[in-house]
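*Asks:* If you scroll down you'll find the structure; I have some questions about it.
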Amino acid sequence: MSLDGSTIKNPQGYLMCYQAKPAKDQPKHVGVVGIQAANVFGQTESRDTKKEAELCVASIINPICGDNAVNQASEVCDGTDDTACPGQCSSLCQCRVAFPFVLDSANSKIDLRGVNGTGGGLDKSFTFSGLSGTVTINIDGQLTPGQYAVSVPVTTLPPLDINVPPFGSFGTACVFLVEDPDLPGSGLSGVGVLNCFGTPVNTIPSPDFNAHTDHCTNGTACDSGMPPNCAGDLGNGGKIHTGTGLCVPAAPTDSSCTKSDPLTATTAKLESTAAGDPHDGVCNSPLYGVFGTQTWNAGDAVLTLNAAIEIRGASDPCNGPPTGSVIRGPLTTGTVASTIMDAFPDVAPASGKVQALVVSGTRFSCIDPLPAPPAAPIAGTSGVAFVTGATILDLPIPIPAPSVADINAALTLKAQ
């Protein structure tokens, strides 16, 4: 019971009371008069003792992880009961171990591949290396034998200069890992799984991932006559991208332009020239996220992160918070493919024009044999590479002349 609405320090706490009496052949209690004690209001009260009645001890009903008490064999710590690792108790009631993921600036990069509106289907690639800074990888405890919960705190990386020879610097890339809206107040951008044995993960079928957007799905001419050259992931035909050999799927027709994708938390958009869009009346599909069929390998890891990658003005210091939309998706040590169907629907031949980009990560090296919990299963992060990908439709491009482009973007974060 709280007093005057005050906070209860341990709402799961109870008292278990036992009847008390002297042991056989022991003397009875001798009363004491005038014991002074302070009450919760700071007042001093006087009490007398008469006899033994009961003994009450702290207890809890149905102990759980999260009740701020280490009261189960599986718990090393629990919230504020964190003597085993002060301030580092994870939501699994195990001691969190934090590893610095110091970026290798030579190999941490943003890859872009794009089709521009004036190129008639021209396929161009650019790589912007030099991402620096430190991302923390938390090992939060063991989920099942060989599988560990991992998390990443909110992070803003230092700015990256976007320099395109021979045009020079025209912008700054800002990478923000923002707080997961499903974990308010946690300070975490996302959570995931490190799989040291390569065994199946119940919640994530594969470390490989495909991110796909269809630029025209409302049944207009640009979305008709899809050649069935490959079986699309989304069940509506597709076309092979000659540069990568990837099958680029066609998204399902969406005449009302209302479809959405829960994995990426995105929704279709109906373009309008009145709103400043370049393709009037064209429906852009949501960003569809589809895990692959490749099985897990030992050392694979997948993190579902909330990130914003923004192109800002040259020399912008990337001071937060981000102003653009946040993309929710997996950062993985597996392979990510990002694809666009019907890239630039108003540039002939529109039907089935595709764009694609593929990047691969590098797995963790787990300690063999694995140490017993709460010890971490890795010695460090050196050489590990996480990748993710997304598509951007109608991105303004200021060089060589003002234009717009459909872009596949890939982010690679590799540790020194």
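Scheme for the structure tokens: letters A, B, ... for chains in order shown; per-chain residue numbers from 1; ligand numbers from 1 in order shown.
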I need the residues of region 98-265 of chain A that end up classed as strand (DSSP E) by DSSP on the backbone, written out as number ranges by chain.

*Replies:* A: 98-102, 109-116, 124-129, 134-144, 147-153, 155-156, 160-164, 168-177, 188-195, 209-214, 238-240, 247-249, 260-261

*Asks:* I need the residue nearest Pro158 (chain A) from this list: A:Val115, A:Ile64, A:Cys318, A:Ile139. Use only C-alpha atoms for the distance.

*Replies:*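 Closest residue, counting only C-alpha atoms: A:Cys318.
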
*Asks:* Could you give me, as CSV, every region 267-305 of chain A residue with an atom at most 10 Å from region 214-220 of chain A, plus its closest atom pair and distance in Å to one decimal, counting only C-alpha atoms, rows ordered by chain then number?

*Replies:*
```
residue,atom,partner,partner_atom,distance
A:Ala268,CA,A:Thr217,CA,9.1
A:Lys269,CA,A:His215,CA,9.7
A:Leu270,CA,A:Asn218,CA,8.8
A:Glu271,CA,A:Cys216,CA,9.8
A:His279,CA,A:Cys216,CA,9.6
A:Gly281,CA,A:Asn218,CA,8.6
A:Val282,CA,A:Cys216,CA,5.7
A:Cys283,CA,A:Cys216,CA,5.1
A:Asn284,CA,A:His215,CA,4.6
A:Ser285,CA,A:Asp214,CA,5.3
A:Pro286,CA,A:Asp214,CA,7.8
A:Leu287,CA,A:Asp214,CA,8.2
A:Tyr288,CA,A:Asp214,CA,8.9
```

*Asks:* Kindly export the residues of the current selection with N, CA and C atoms, as a PDB file, in the first residue's frame.

*Replies:*
```pdb
ATOM      1  N   ALA A 268       2.481   2.623 -49.004  1.00  0.00           N
ATOM      2  CA  ALA A 268       2.511   3.101 -50.387  1.00  0.00           C
ATOM      3  C   ALA A 268       2.254   4.604 -50.446  1.00  0.00           C
ATOM      4  N   LYS A 269       2.763   5.223 -51.521  1.00  0.00           N
ATOM      5  CA  LYS A 269       2.587   6.662 -51.706  1.00  0.00           C
ATOM      6  C   LYS A 269       2.111   6.935 -53.129  1.00  0.00           C
ATOM      7  N   LEU A 270       1.048   7.736 -53.264  1.00  0.00           N
ATOM      8  CA  LEU A 270       0.550   8.148 -54.570  1.00  0.00           C
ATOM      9  C   LEU A 270       1.194   9.486 -54.931  1.00  0.00           C
ATOM     10  N   GLU A 271       1.975   9.495 -56.016  1.00  0.00           N
ATOM     11  CA  GLU A 271       2.665  10.714 -56.418  1.00  0.00           C
ATOM     12  C   GLU A 271       1.696  11.727 -57.036  1.00  0.00           C
ATOM     13  N   HIS A 279       6.234  12.213 -60.868  1.00  0.00           N
ATOM     14  CA  HIS A 279       5.429  11.293 -61.675  1.00  0.00           C
ATOM     15  C   HIS A 279       3.972  11.375 -61.218  1.00  0.00           C
ATOM     16  N   GLY A 281       0.270  10.747 -60.503  1.00  0.00           N
ATOM     17  CA  GLY A 281      -0.644   9.616 -60.522  1.00  0.00           C
ATOM     18  C   GLY A 281      -0.007   8.253 -60.413  1.00  0.00           C
ATOM     19  N   VAL A 282       1.300   8.181 -60.181  1.00  0.00           N
ATOM     20  CA  VAL A 282       1.997   6.904 -60.071  1.00  0.00           C
ATOM     21  C   VAL A 282       2.058   6.483 -58.600  1.00  0.00           C
ATOM     22  N   CYS A 283       1.748   5.207 -58.336  1.00  0.00           N
ATOM     23  CA  CYS A 283       1.797   4.686 -56.963  1.00  0.00           C
ATOM     24  C   CYS A 283       3.138   4.025 -56.700  1.00  0.00           C
ATOM     25  N   ASN A 284       3.837   4.513 -55.675  1.00  0.00           N
ATOM     26  CA  ASN A 284       5.072   3.866 -55.223  1.00  0.00           C
ATOM     27  C   ASN A 284       4.718   2.847 -54.147  1.00  0.00           C
ATOM     28  N   SER A 285       5.177   1.634 -54.284  1.00  0.00           N
ATOM     29  CA  SER A 285       4.877   0.612 -53.283  1.00  0.00           C
ATOM     30  C   SER A 285       5.590   0.934 -51.975  1.00  0.00           C
ATOM     31  N   PRO A 286       5.187   0.310 -50.868  1.00  0.00           N
ATOM     32  CA  PRO A 286       5.999   0.416 -49.650  1.00  0.00           C
ATOM     33  C   PRO A 286       7.347  -0.244 -49.869  1.00  0.00           C
ATOM     34  N   LEU A 287       8.278  -0.050 -48.949  1.00  0.00           N
ATOM     35  CA  LEU A 287       9.531  -0.782 -48.973  1.00  0.00           C
ATOM     36  C   LEU A 287       9.246  -2.165 -48.397  1.00  0.00           C
ATOM     37  N   TYR A 288       9.230  -3.164 -49.260  1.00  0.00           N
ATOM     38  CA  TYR A 288       8.957  -4.531 -48.808  1.00  0.00           C
ATOM     39  C   TYR A 288      10.240  -5.164 -48.282  1.00  0.00           C
TER      40      TYR A 288
END
```

*Asks:* What separation in Å, quoted to one decimal, exists between CA of His29 (chain A) and CA of Ser59 (chain A)?

*Replies:*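 That distance, rounded to one decimal, is 26.4 Å.
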
*Asks:* Could you pull the residues within 9 Å of Gln142 (chain A), counting only C-alpha atoms, minus those fewer than 6 positions along the same chain, as an mmCIF file with N, CA and C atoms, in the first residue's frame?

*Replies:*
```cif
data_model
loop_
_atom_site.group_PDB
_atom_site.id
_atom_site.type_symbol
_atom_site.label_atom_id
_atom_site.label_comp_id
_atom_site.auth_asym_id
_atom_site.auth_seq_id
_atom_site.Cartn_x
_atom_site.Cartn_y
_atom_site.Cartn_z
ATOM 1 N N LEU A 92 17.194 -9.462 -19.703
ATOM 2 C CA LEU A 92 17.153 -10.915 -19.493
ATOM 3 C C LEU A 92 17.571 -11.290 -18.077
ATOM 4 N N GLN A 94 20.481 -10.858 -16.910
ATOM 5 C CA GLN A 94 21.847 -11.328 -17.025
ATOM 6 C C GLN A 94 22.757 -10.114 -17.182
ATOM 7 N N TYR A 148 22.465 -15.663 -28.452
ATOM 8 C CA TYR A 148 22.568 -14.584 -27.480
ATOM 9 C C TYR A 148 21.789 -13.356 -27.933
ATOM 10 N N ALA A 149 21.160 -12.695 -26.980
ATOM 11 C CA ALA A 149 20.489 -11.424 -27.255
ATOM 12 C C ALA A 149 21.544 -10.330 -27.364
ATOM 13 N N PRO A 373 27.524 -18.771 -19.050
ATOM 14 C CA PRO A 373 26.963 -17.460 -18.697
ATOM 15 C C PRO A 373 27.313 -17.129 -17.256
ATOM 16 N N PRO A 374 27.495 -15.836 -16.910
ATOM 17 C CA PRO A 374 27.182 -14.663 -17.728
ATOM 18 C C PRO A 374 28.323 -14.158 -18.596
ATOM 19 N N ALA A 376 30.617 -13.378 -21.831
ATOM 20 C CA ALA A 376 30.238 -13.113 -23.215
ATOM 21 C C ALA A 376 30.854 -14.161 -24.141
#
```

*Asks:* So how many Å separate CA of Asp280 (chain A) and CA of Gln355 (chain A), to one decimal?

*Replies:* 21.2 Å

*Asks:* Can you tell me, as a list in words, what residues are no more than 10 Å from Pro330 (chain A) when counting only C-alpha atoms, ignoring any on the same chain fewer than 5 positions away?

*Replies:*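 Surrounding residues, per the criterion: Gly190, Val191, Gly192, Pro207, Asp208, Phe209, Asn210, Ala211, Leu263, Thr264, Gly289, Phe291, Ala301, Val302, Leu303, Thr304, Leu305, Asn306, Ala307, Val336, Phe386, Val387, Thr388 and Gly389 of chain A.
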
*Asks:* How about saving the chosen residues, C-alpha atoms kept, as a PDB file, in the first residue's frame?

*Replies:*
```pdb
ATOM      1  CA  GLY A 190      17.455  -1.965 -31.702  1.00  0.00           C
ATOM      2  CA  VAL A 191      17.910  -5.536 -30.588  1.00  0.00           C
ATOM      3  CA  GLY A 192      18.717  -8.833 -32.244  1.00  0.00           C
ATOM      4  CA  PRO A 207      20.495 -13.720 -41.888  1.00  0.00           C
ATOM      5  CA  ASP A 208      19.985 -12.759 -45.556  1.00  0.00           C
ATOM      6  CA  PHE A 209      17.524 -10.007 -46.435  1.00  0.00           C
ATOM      7  CA  ASN A 210      15.934  -8.407 -49.502  1.00  0.00           C
ATOM      8  CA  ALA A 211      14.585  -4.829 -49.547  1.00  0.00           C
ATOM      9  CA  LEU A 263       8.596  -5.264 -41.260  1.00  0.00           C
ATOM     10  CA  THR A 264       9.787  -1.888 -42.562  1.00  0.00           C
ATOM     11  CA  GLY A 289      11.290  -6.477 -46.523  1.00  0.00           C
ATOM     12  CA  PHE A 291      14.158 -12.510 -45.301  1.00  0.00           C
ATOM     13  CA  ALA A 301      24.043 -11.893 -36.260  1.00  0.00           C
ATOM     14  CA  VAL A 302      20.965  -9.843 -37.132  1.00  0.00           C
ATOM     15  CA  LEU A 303      19.928  -6.575 -35.468  1.00  0.00           C
ATOM     16  CA  THR A 304      16.647  -4.817 -36.216  1.00  0.00           C
ATOM     17  CA  LEU A 305      17.660  -1.167 -36.027  1.00  0.00           C
ATOM     18  CA  ASN A 306      15.942   2.178 -36.497  1.00  0.00           C
ATOM     19  CA  ALA A 307      18.143   4.386 -38.649  1.00  0.00           C
ATOM     20  CA  VAL A 336      21.430  -7.754 -48.259  1.00  0.00           C
ATOM     21  CA  PHE A 386      27.237  -5.374 -40.554  1.00  0.00           C
ATOM     22  CA  VAL A 387      25.330  -4.379 -43.689  1.00  0.00           C
ATOM     23  CA  THR A 388      21.870  -3.073 -44.489  1.00  0.00           C
ATOM     24  CA  GLY A 389      20.126  -1.724 -47.556  1.00  0.00           C
TER      25      GLY A 389
END
```

*Asks:* Given the choices A:Asn68, A:Asn408, A:Ser315, A:Thr323, which gets closest to Asn116 (chain A) if the distance is worked out from only C-alpha atoms?

*Replies:*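 Of A:Asn68, A:Asn408, A:Ser315, A:Thr323, the one nearest Asn116 (chain A) is A:Asn408, counting only C-alpha atoms.
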
*Asks:* Which residue out of A:Val152, A:Leu395, A:Leu112, A:Met341 has the minimum interatomic distance to Val248 (chain A) when only C-alpha atoms are used?

*Replies:*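 Selected residue with least distance to Val248 (chain A): A:Met341.
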
*Asks:* Write down as number ranges by chain the residues of region 149-398 of chain A whose backbone DSSP state falls under helix (DSSP H, G or I).

*Replies:* A: 221-223, 273-275

*Asks:* Just checking: using only C-alpha atoms, which residue out of A:Pro86, A:Pro322, A:Gly146, A:Gly245 ends up closest to Ile367 (chain A)?

*Replies:*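 The closest residue to Ile367 (chain A) is A:Gly146.
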
*Asks:* Identify, on the basis of only C-alpha atoms, every residue whose closest approach to Thr333 (chain A) does not exceed 12 Å; exclude the query and any residue fewer than 6 positions from it along the same chain; express the result as a ChimeraX atom specification.

*Replies:* /A:192-195,206-209,296-303,359-365,381,383-388,411-415

*Asks:* Pull N, CA and C atoms from the residues just selected and write them as a tab-separated table (two decimals), in the first residue's frame.

*Replies:*
```
chain	number	residue	atom	x	y	z
A	192	GLY	N	18.61	-7.74	-31.29
A	192	GLY	CA	18.72	-8.83	-32.24
A	192	GLY	C	19.32	-10.07	-31.62
A	193	VAL	N	19.91	-10.91	-32.49
A	193	VAL	CA	20.41	-12.23	-32.08
A	193	VAL	C	21.80	-12.45	-32.65
A	194	LEU	N	22.72	-12.95	-31.81
A	194	LEU	CA	24.00	-13.47	-32.25
A	194	LEU	C	23.92	-14.98	-32.15
A	195	ASN	N	24.20	-15.66	-33.28
A	195	ASN	CA	24.01	-17.11	-33.36
A	195	ASN	C	25.37	-17.80	-33.48
A	206	SER	N	16.41	-16.29	-41.56
A	206	SER	CA	17.70	-16.28	-42.27
A	206	SER	C	18.42	-14.97	-41.97
A	207	PRO	N	19.76	-14.98	-42.03
A	207	PRO	CA	20.50	-13.72	-41.89
A	207	PRO	C	20.52	-12.91	-43.18
A	208	ASP	N	20.03	-13.48	-44.28
A	208	ASP	CA	19.99	-12.76	-45.56
A	208	ASP	C	18.66	-12.03	-45.71
A	209	PHE	N	18.69	-10.89	-46.40
A	209	PHE	CA	17.52	-10.01	-46.43
A	209	PHE	C	17.42	-9.31	-47.78
A	296	TRP	N	21.34	-20.19	-41.40
A	296	TRP	CA	22.27	-19.49	-40.51
A	296	TRP	C	23.62	-20.20	-40.51
A	297	ASN	N	24.69	-19.42	-40.39
A	297	ASN	CA	26.03	-19.94	-40.18
A	297	ASN	C	26.53	-19.50	-38.80
A	298	ALA	N	27.47	-20.27	-38.25
A	298	ALA	CA	28.02	-19.93	-36.95
A	298	ALA	C	28.64	-18.54	-36.99
A	299	GLY	N	28.26	-17.68	-36.06
A	299	GLY	CA	28.78	-16.32	-35.99
A	299	GLY	C	27.91	-15.29	-36.67
A	300	ASP	N	26.82	-15.72	-37.33
A	300	ASP	CA	25.91	-14.75	-37.94
A	300	ASP	C	25.16	-13.97	-36.86
A	301	ALA	N	24.82	-12.73	-37.17
A	301	ALA	CA	24.04	-11.89	-36.26
A	301	ALA	C	23.11	-11.00	-37.07
A	302	VAL	N	21.94	-10.74	-36.52
A	302	VAL	CA	20.97	-9.84	-37.13
A	302	VAL	C	20.45	-8.90	-36.06
A	303	LEU	N	20.47	-7.61	-36.35
A	303	LEU	CA	19.93	-6.58	-35.47
A	303	LEU	C	18.85	-5.81	-36.22
A	359	VAL	N	25.17	-6.37	-51.12
A	359	VAL	CA	26.34	-6.26	-50.25
A	359	VAL	C	26.31	-7.40	-49.23
A	360	SER	N	27.49	-7.79	-48.73
A	360	SER	CA	27.58	-8.88	-47.76
A	360	SER	C	28.41	-8.45	-46.55
A	361	GLY	N	28.03	-8.98	-45.38
A	361	GLY	CA	28.74	-8.68	-44.15
A	361	GLY	C	29.78	-9.72	-43.81
A	362	THR	N	30.36	-9.62	-42.61
A	362	THR	CA	31.35	-10.57	-42.12
A	362	THR	C	30.95	-11.01	-40.72
A	363	ARG	N	31.00	-12.32	-40.45
A	363	ARG	CA	30.48	-12.89	-39.21
A	363	ARG	C	31.40	-12.65	-38.01
A	364	PHE	N	30.82	-12.83	-36.82
A	364	PHE	CA	31.57	-12.82	-35.56
A	364	PHE	C	32.38	-14.12	-35.44
A	365	SER	N	33.44	-14.06	-34.64
A	365	SER	CA	34.17	-15.27	-34.24
A	365	SER	C	33.83	-15.54	-32.79
A	381	THR	N	35.17	-7.46	-31.46
A	381	THR	CA	34.40	-7.25	-32.69
A	381	THR	C	35.29	-7.06	-33.92
A	383	GLY	N	37.05	-6.95	-37.27
A	383	GLY	CA	36.81	-7.60	-38.54
A	383	GLY	C	35.36	-7.88	-38.86
A	384	VAL	N	34.47	-7.75	-37.87
A	384	VAL	CA	33.05	-7.99	-38.10
A	384	VAL	C	32.47	-6.87	-38.96
A	385	ALA	N	31.59	-7.21	-39.89
A	385	ALA	CA	30.96	-6.20	-40.74
A	385	ALA	C	29.45	-6.42	-40.77
A	386	PHE	N	28.70	-5.38	-40.43
A	386	PHE	CA	27.24	-5.37	-40.55
A	386	PHE	C	26.85	-4.61	-41.82
A	387	VAL	N	25.81	-5.07	-42.49
A	387	VAL	CA	25.33	-4.38	-43.69
A	387	VAL	C	23.81	-4.23	-43.62
A	388	THR	N	23.30	-3.23	-44.31
A	388	THR	CA	21.87	-3.07	-44.49
A	388	THR	C	21.64	-2.33	-45.80
A	411	LEU	N	24.51	0.36	-46.57
A	411	LEU	CA	25.36	0.85	-45.48
A	411	LEU	C	26.21	-0.32	-44.97
A	412	THR	N	27.53	-0.14	-44.94
A	412	THR	CA	28.44	-1.16	-44.40
A	412	THR	C	29.17	-0.56	-43.20
A	413	LEU	N	29.07	-1.24	-42.06
A	413	LEU	CA	29.79	-0.83	-40.84
A	413	LEU	C	30.74	-1.96	-40.48
A	414	LYS	N	32.05	-1.74	-40.67
A	414	LYS	CA	33.05	-2.76	-40.37
A	414	LYS	C	33.95	-2.30	-39.24
A	415	ALA	N	34.21	-3.21	-38.29
A	415	ALA	CA	35.02	-2.87	-37.13
A	415	ALA	C	36.50	-3.06	-37.42
```

*Asks:* Counting only C-alpha atoms, which of A:Pro402, A:Gly187, A:Gly313, A:Gly130 gets nearest to Ser169 (chain A)?

*Replies:*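 Among A:Pro402, A:Gly187, A:Gly313, A:Gly130, it is A:Gly313 that comes nearest to Ser169 (chain A).
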
*Asks:* To one decimal in Å, tell me the separation between CA of Ser403 (chain A) and CA of Leu246 (chain A).

*Replies:*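 So the answer is 26.8 Å.
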
*Asks:* Tell me, as a list of chain:residue names, which residues lie within 12 Å of His241 (chain A), counting only C-alpha atoms; anything in the same chain fewer than 5 positions away does not count.

*Replies:* A:Gly121, A:Asp123, A:Asn229, A:Cys230, A:Leu246, A:Cys247, A:Val248, A:Pro249, A:Ala337, A:Ser338, A:Thr339, A:Ile340, A:Met341, A:Asp342, A:Ala343, A:Gly352, A:Lys353, A:Val354, A:Gln355, A:Ala356, A:Leu357, A:Val358

*Asks:* May I have the selected residues written with C-alpha atoms, as a PDB file, in the first residue's frame?

*Replies:*
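Output (again_4.pdb):
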```pdb
ATOM      1  CA  GLY A 121      18.106   3.681 -67.804  1.00  0.00           C
ATOM      2  CA  ASP A 123      23.067   2.321 -64.238  1.00  0.00           C
ATOM      3  CA  ASN A 229      11.835 -14.279 -66.412  1.00  0.00           C
ATOM      4  CA  CYS A 230      12.097 -15.069 -62.726  1.00  0.00           C
ATOM      5  CA  LEU A 246      19.342 -10.641 -59.112  1.00  0.00           C
ATOM      6  CA  CYS A 247      15.694 -11.420 -59.710  1.00  0.00           C
ATOM      7  CA  VAL A 248      13.842  -8.143 -59.162  1.00  0.00           C
ATOM      8  CA  PRO A 249      10.206  -8.866 -58.213  1.00  0.00           C
ATOM      9  CA  ALA A 337      19.965  -7.094 -51.705  1.00  0.00           C
ATOM     10  CA  SER A 338      18.042  -3.893 -52.450  1.00  0.00           C
ATOM     11  CA  THR A 339      16.062  -3.715 -55.688  1.00  0.00           C
ATOM     12  CA  ILE A 340      13.746  -1.344 -57.584  1.00  0.00           C
ATOM     13  CA  MET A 341      11.182  -2.431 -60.195  1.00  0.00           C
ATOM     14  CA  ASP A 342       9.980   0.025 -62.859  1.00  0.00           C
ATOM     15  CA  ALA A 343      12.764   2.503 -62.137  1.00  0.00           C
ATOM     16  CA  GLY A 352      10.044  -3.859 -66.169  1.00  0.00           C
ATOM     17  CA  LYS A 353      13.001  -1.473 -65.900  1.00  0.00           C
ATOM     18  CA  VAL A 354      14.980  -2.606 -62.835  1.00  0.00           C
ATOM     19  CA  GLN A 355      17.784  -1.530 -60.501  1.00  0.00           C
ATOM     20  CA  ALA A 356      19.710  -3.586 -57.942  1.00  0.00           C
ATOM     21  CA  LEU A 357      22.557  -3.564 -55.407  1.00  0.00           C
ATOM     22  CA  VAL A 358      23.913  -6.372 -53.213  1.00  0.00           C
TER      23      VAL A 358
END
```

*Asks:* Give me, as a tab-separated table (two decimals) with C-alpha atoms, in the first residue's frame, all polymer residues having an atom no more than 7 Å from Phe128 (chain A), counting only C-alpha atoms and skipping those fewer than 4 positions away in the same chain.

*Replies:*
```tsv
chain	number	residue	atom	x	y	z
A	109	LYS	CA	30.90	3.11	-46.31
A	110	ILE	CA	27.73	4.01	-48.13
A	111	ASP	CA	27.26	2.41	-51.56
A	162	ILE	CA	29.96	13.34	-50.13
```
